[in-house]
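Report on one structure; see the data block that follows.
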Amino acid sequence: MIGERSHVMIQGITGREGAFHTKQMLEYGTKVVAGVTPGRGGASVEGVPVYNSVRDAVSKHPQIECSVLFVPPAFAFDAALESIDAGIRWTIMITEGVPIRDSMWLINYAKSKGCKILGPNCPGMIVPGKAKMGIMPSIAFSPGRVGLVSRSGTLTYEAAFTIKRSGMGISRAIGIGGDPIIGSSMLEMVQFFESDQATDAIVILGEIGGRMEENVAAAISAGQVRKPVVAYVAGFAAPQGKRMGHAGAIMDEGQGTAKEKLESLRSAGANVAERTDDLPRLIGSSLNKKR
Amino acid sequence: MIGERSHVMIQGITGREGAFHTKQMLEYGTKVVAGVTPGRGGASVEGVPVYNSVRDAVSKHPQIECSVLFVPPAFAFDAALESIDAGIRWTIMITEGVPIRDSMWLINYAKSKGCKILGPNCPGMIVPGKAKMGIMPSIAFSPGRVGLVSRSGTLTYEAAFTIKRSGMGISRAIGIGGDPIIGSSMLEMVQFFESDQATDAIVILGEIGGRMEENVAAAISAGQVRKPVVAYVAGFAAPQGKRMGHAGAIMDEGQGTAKEKLESLRSAGANVAERTDDLPRLIGSSLNKKR
Amino acid sequence: MRLFEHEAKSILREYGVPVPNGLTYSLGGELNLGSLRSPFYVKAQVPVGGRGKAGGILLARTEDEVIAHIKRISGLMIGGHPVSSILIEESHVIEKEFYLSIVVDRTLECYTLIAGSEGGIDVEQSSRMSPETILKVPISPLREIRDFDISAISMHLGVAPALLKPIVHALWGAMVSMDAELVEVNPLILQGQRLVALDSKIQIDDNALFRQAAISSLPPRGRSAEEAAAFSQGLNYVGLDGEIGIIGNGAGLTMATMDLVKSNGGRPANFLDLGGGALSESFKRGVLFLMALDRVKAILINIFGGITRCDEVARGIAAAVAEKGYKKPVVVRLLGTNEPEGRAILEAAGIGAFSEPAEASSRAIALAGGRT
Amino acid sequence: MRLFEHEAKSILREYGVPVPNGLTYSLGGELNLGSLRSPFYVKAQVPVGGRGKAGGILLARTEDEVIAHIKRISGLMIGGHPVSSILIEESHVIEKEFYLSIVVDRTLECYTLIAGSEGGIDVEQSSRMSPETILKVPISPLREIRDFDISAISMHLGVAPALLKPIVHALWGAMVSMDAELVEVNPLILQGQRLVALDSKIQIDDNALFRQAAISSLPPRGRSAEEAAAFSQGLNYVGLDGEIGIIGNGAGLTMATMDLVKSNGGRPANFLDLGGGALSESFKRGVLFLMALDRVKAILINIFGGITRCDEVARGIAAAVAEKGYKKPVVVRLLGTNEPEGRAILEAAGIGAFSEPAEASSRAIALAGGRT
């Protein structure tokens, strides 16, 4: 897993968001060593050298193991492909609005190269107090021993801030992204936290739709997750979403309502929060229970 | 790694070679549980049930973890794809004459599914006295503690037979195949033997062309292979082969002559044999040296 | 974006799927049945299922009957949707009904081909009651449809591969090139030695509309005129019937804000997510859009800035509030990136900002005249 | 299978690579330069490199000069190959020479695009002396060429992407659809705002000839008439100049057998691999082929049967030996699958079989009149 010692590259570094968050990441202590914007090679952003291609960046900075991607949807496919083909282990796709066909292809292709994608449409990853590879507002996070995995960016900040004000903190927060098809699943990240020595409890922030929360619940039931899990799922007040023809029902993707998700997590043994400001209390009590 | 307990499927089981070697494998003790020939579902070969598709076979025999493929070149692509898509971990492509485009695509695709290909144009794998997933003549092999990896089928038998007559034996023999593009490299298999508790010494049987032997030599030099390695490379008397335009030279694939290969292995610290009947003596002395 | 039946069929016809001969009648236009042969099906075009049960599909034997049916159907509301147009098609003799679709499989992260041997409107029920009638074939996006995929479907449906092959390839072609999330034909009927798609659904990935010019130039469609208006302003909006207008950044936070309002006794008027680095212009548009809605009594904006910057948010809100006709109270919760700058801007515009979502929510409910 | 320059160029032209105007002259035919503009290059068509240095490429200003050059070139042997035909092309002014190819990369198990900024006949040397002149771009077979691949080459060569893009896509198209192992243009020259491929090599994967009808119907080509004859009989054969005919099953064992003969003081007459489950018919053909060669004094057959079955081998050998005109001694080493059956067949045919390759090899050398 990438962390504070990882060398990081920024794709789309000269863009508005790319440049802004490069500065933020550097200030947070992240080792941002290179940026890429085709046609802007030779420039520099916040002291970070800019290259025309990932190939150029990697040949100068062979230690890069993570790329954070701020490239508009129409160019995100090529940018991520460049990153994967350069052998960069983690490509964090911040970009929102990437066509499903593109992300689905990239996710499968990355596996053929032994690479991982986080996102798209995600806020990235943060190891509070040490490094962030993403766009999280630093103010929301304090270091601690709670692992956080979330489908929603802003909900991540909200939850982390609540945890911070309660006096606890976060070992690592991972925003897996809100799209239907994403590179790293909630369960995979829960499994990472399960084996992560810096983490004592796991918070998952879910949303309506899909089966990611149900899959975590199944893993808890199967005894694969022994650390306490606290869950919040957004969307109780949300209207029923669009359904995918008959296929949606046949695939059993159903509606994945917040209620169903929370129920399956609760019956698997997770502590479920009805509001984000309930999280600290539940984390605290589940940690006490384990001890 | 697959072994004596692995459930095995045969693709092309009703064909001449498929049926013949299914019988041989069963007699050797291999757990051949299913066969596939499209259009022949419902039949049986040597008591093994035949299915129309890999999908059907796997739904009835979900434990299959290895498919041995005896399908003609023009159909090998689809057959291997079926096997990979069914999630079968190892696909052993016995078939000779598979177009490079097909095997190259399959090898990369298999990685996206976490599956491995052995071959094509290979004799498969044998754990002497226990099981074989391939076409090796049983007579050539006796059980023992020498791991054998080879680019040539018949040379494998030759070497194993020589070792057998010397009173030693084979822990496992892996024929990786003679094609320019193959699914499992010589180095990968050497690395397997390095970590295999049933193996004390490693024999590699090389051929002119490519850089597989040089890659093993580099790993030995880098200290990644600590078990003794004995090497034979065929092709001293062979004429210079075709060269791939200027590209061959630029790619540094060069001629990969037998002499060059043997030299690089020798200087990396491997024991090199000039003839296959030299192998037992060299294995014996390198094992004594290590002790 | 969900296509109407007639749009989906015209795409599938292009890709080589046989569909009934037919014509699309625009409400209020001239009817000319041309060479269409009787009997006809007269079918309401609405972006939801359940038309048949709602009386939106009628059989006609004569032109007069067609005209009568059009009249009846035109006035229907089906699942809350007015009928946008009417498809008139030749009817077919049904020997056997199948179900066939390709869908994006969220769990396996690939495409999945679904074939049902019992097609028709009850396919969901047969898939539940008799799961063996359904075959699912996952297809990696890295590969193409191969003959063994066709064989599997052919075996399952008992239909010759030669008949199925062009249909499956057509669905696949449409799925991939049109950036669809779903391509469905149901029922796919067997008539003699011919397969015909009597009904069809296509759902296009909204994220891909930028490169699907033919689709993105179709008229917008939504649950209501309100949502259509929001769509045309580029707003990610869903209408609800409460009185608290909701804006958040990020779907998760926006939903959590709605949940909070609801659990505090208020009723959300909408879902409006201005996430992902939205600029002040979007916020201005969003606030003005909600202000213009009669049912909205107060607007609650909940922002935790990451890629979205608080100063941009504040500038947008301030600009909206500065517009003529500003009447409704706006409550803002602001935290995160560039928060101090954002607070300063709101302060200058006379808008107070909260840090706690619970406080902001209670304040909005109170201002809307609610119980809190 | 390596294509001749004129064959490679006609394929590349089809895929959209500009090549010089030219015509292929068949030896002994009529010369008609048609609308070709002087000066011309007259180029020997041989399946090896090094033509220029061997005098196989000459410049002509007039038709008479062309005729004189044809006469001179027709008689050449280049790298042991007679000239099969002659390509006559318009010459081009060379501003800059590049190297461009796509090759199957054995180590990375993918395609690799190679671009050299110093093309021409010395590209190998510049790649050794100045490796920075060479750019290698690996391309997974799971994906297509993308614009960033073109950009990388464009930057490296200093040629506009718009000029390179169609060329690279054409090479890729030919590489993949023709089942090539190599597609090379060298030099690729810049003339004004146009890239032209002055020379080209294409190597087709022999394993794919079954689905490359256009290629497999081309006349066979080899090092010699002998090899061409073997090829036409479906034999995987390479001629050498020794006196011991060699047949093995599997390339490795066949080579090891040659190595053994050589190390025992004999000289292999050939390489002939009948591996991979060959049937008796192949063995019969192989033995008869070697018997017909003057230089062969004895035939050594080394078989370790796996997929190849000893009884099939024995049947083929026995059938060959039973043919009229059998004169040369045959020594067989037989071991493996169905060995007892094979030995019985050989015995019935009066052919002794060894178990030890070393013994068989010594016996063959002795029978050929060698030293052992």
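By convention here, the chains of the structure tokens are called A, B, ... in the order presented, each chain's residues are numbered starting at 1, and ligands are numbered starting at 1 in the order presented.
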request  = Return the neighbours of chain D among the residues of chain B, cut-off 7 Å, counting only C-alpha atoms, as a ChimeraX atom specification.
outcome  = /B:96-101,104-105,135-137,139,152-155,157-158,180-181,207,210,234-238,244-247,249-250
request  = For region 150-162 of chain C, work out the shell of residues within 10 Å, counting only C-alpha atoms and skipping chain neighbours fewer than 6 positions away, then give it as an MDAnalysis selection string.
outcome  = (chainID B and resid 38:39 52:53 55:56) or (chainID C and resid 96:100 113:118 132:137 168:169 190 193 195)
query = Please, which residues of chain A lie no more than 8 Å from chain B when the count uses only C-alpha atoms, and can they be set out as a PyMOL selection string?
reply = chain A and resi 108-114
request  = Using backbone DSSP assignments, extract all strand (DSSP E or B) residues from region 108-320 of chain D; output them as a PyMOL selection string.
outcome  = chain D and resi 110-116+134-139+180-191+194-197+200-204+236-239+244-248+268+270-273+298-305
task = May I have all residues of region 15-102 of chain B that DSSP, computed from the backbone, assigns to helix (DSSP H, G or I), given as a ChimeraX atom specification?
result = /B:16-28,54-60,73-85,100-102
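Close contacts of region 321-328 of chain C, defined as residues with an atom at most 8 Å away when counting only C-alpha atoms, with chain neighbours fewer than 3 positions off set aside, comprise Met291, Lys297, Ala298, Ile299, Ile317, Ala318 and Ala349 of chain C.
Our summary of the geometry notes that CA of Glu65 (chain C) is positioned 15.9 Å from CA of Leu23 (chain C).
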task = Using only C-alpha atoms, determine which residues lie at most 10 Å from Gly369 (chain C), disregarding the query and same-chain residues fewer than 3 positions distant; provide the list as a ChimeraX atom specification.
result = /C:243,266,297-298,363-366,372
Since we have the selection now, will you write its residues out, keeping C-alpha atoms, as an mmCIF file, in the first residue's frame?
```cif
data_model
loop_
_atom_site.group_PDB
_atom_site.id
_atom_site.type_symbol
_atom_site.label_atom_id
_atom_site.label_comp_id
_atom_site.auth_asym_id
_atom_site.auth_seq_id
_atom_site.Cartn_x
_atom_site.Cartn_y
_atom_site.Cartn_z
ATOM 1 C CA GLU C 243 -40.157 22.544 1.581
ATOM 2 C CA GLY C 266 -38.213 18.630 7.934
ATOM 3 C CA LYS C 297 -39.482 27.854 1.913
ATOM 4 C CA ALA C 298 -35.805 27.796 2.855
ATOM 5 C CA ARG C 363 -32.026 26.605 11.417
ATOM 6 C CA ALA C 364 -33.292 25.917 7.902
ATOM 7 C CA ILE C 365 -36.263 23.968 9.201
ATOM 8 C CA ALA C 366 -37.097 26.776 11.602
ATOM 9 C CA THR C 372 -37.680 22.774 15.231
#
```
I'd like the neighbourhood of Gly56 (chain D) as a PDB file with N, CA, C and O atoms, in the first residue's frame, where a residue qualifies if any of its atoms comes within 8 Å (using only C-alpha atoms), though same-chain residues fewer than 5 positions away should be ignored.
```
ATOM      1  N   VAL D  42      16.989   0.164 -59.082  1.00  0.00           N
ATOM      2  CA  VAL D  42      16.798  -1.213 -59.543  1.00  0.00           C
ATOM      3  C   VAL D  42      17.239  -2.105 -58.392  1.00  0.00           C
ATOM      4  O   VAL D  42      18.390  -2.058 -57.964  1.00  0.00           O
ATOM      5  N   LYS D  43      16.294  -2.880 -57.823  1.00  0.00           N
ATOM      6  CA  LYS D  43      16.556  -3.544 -56.538  1.00  0.00           C
ATOM      7  C   LYS D  43      16.299  -5.052 -56.601  1.00  0.00           C
ATOM      8  O   LYS D  43      15.184  -5.489 -56.899  1.00  0.00           O
ATOM      9  N   ALA D  44      17.340  -5.808 -56.314  1.00  0.00           N
ATOM     10  CA  ALA D  44      17.222  -7.271 -56.267  1.00  0.00           C
ATOM     11  C   ALA D  44      16.258  -7.671 -55.157  1.00  0.00           C
ATOM     12  O   ALA D  44      16.318  -7.125 -54.053  1.00  0.00           O
ATOM     13  N   ARG D  51      21.726  -6.295 -49.273  1.00  0.00           N
ATOM     14  CA  ARG D  51      21.688  -6.239 -50.739  1.00  0.00           C
ATOM     15  C   ARG D  51      22.549  -5.145 -51.311  1.00  0.00           C
ATOM     16  O   ARG D  51      23.209  -5.303 -52.337  1.00  0.00           O
ATOM     17  N   ILE D  73      22.129  -7.615 -62.189  1.00  0.00           N
ATOM     18  CA  ILE D  73      21.570  -8.065 -60.905  1.00  0.00           C
ATOM     19  C   ILE D  73      21.002  -9.480 -60.989  1.00  0.00           C
ATOM     20  O   ILE D  73      21.115 -10.265 -60.055  1.00  0.00           O
ATOM     21  N   LEU D  76      23.140 -12.320 -59.778  1.00  0.00           N
ATOM     22  CA  LEU D  76      23.771 -12.292 -58.443  1.00  0.00           C
ATOM     23  C   LEU D  76      23.247 -13.398 -57.532  1.00  0.00           C
ATOM     24  O   LEU D  76      22.110 -13.830 -57.653  1.00  0.00           O
ATOM     25  N   ILE D  78      22.921 -13.488 -53.478  1.00  0.00           N
ATOM     26  CA  ILE D  78      23.087 -12.589 -52.326  1.00  0.00           C
ATOM     27  C   ILE D  78      22.789 -13.375 -51.055  1.00  0.00           C
ATOM     28  O   ILE D  78      21.681 -13.878 -50.885  1.00  0.00           O
TER      29      ILE D  78
END
```
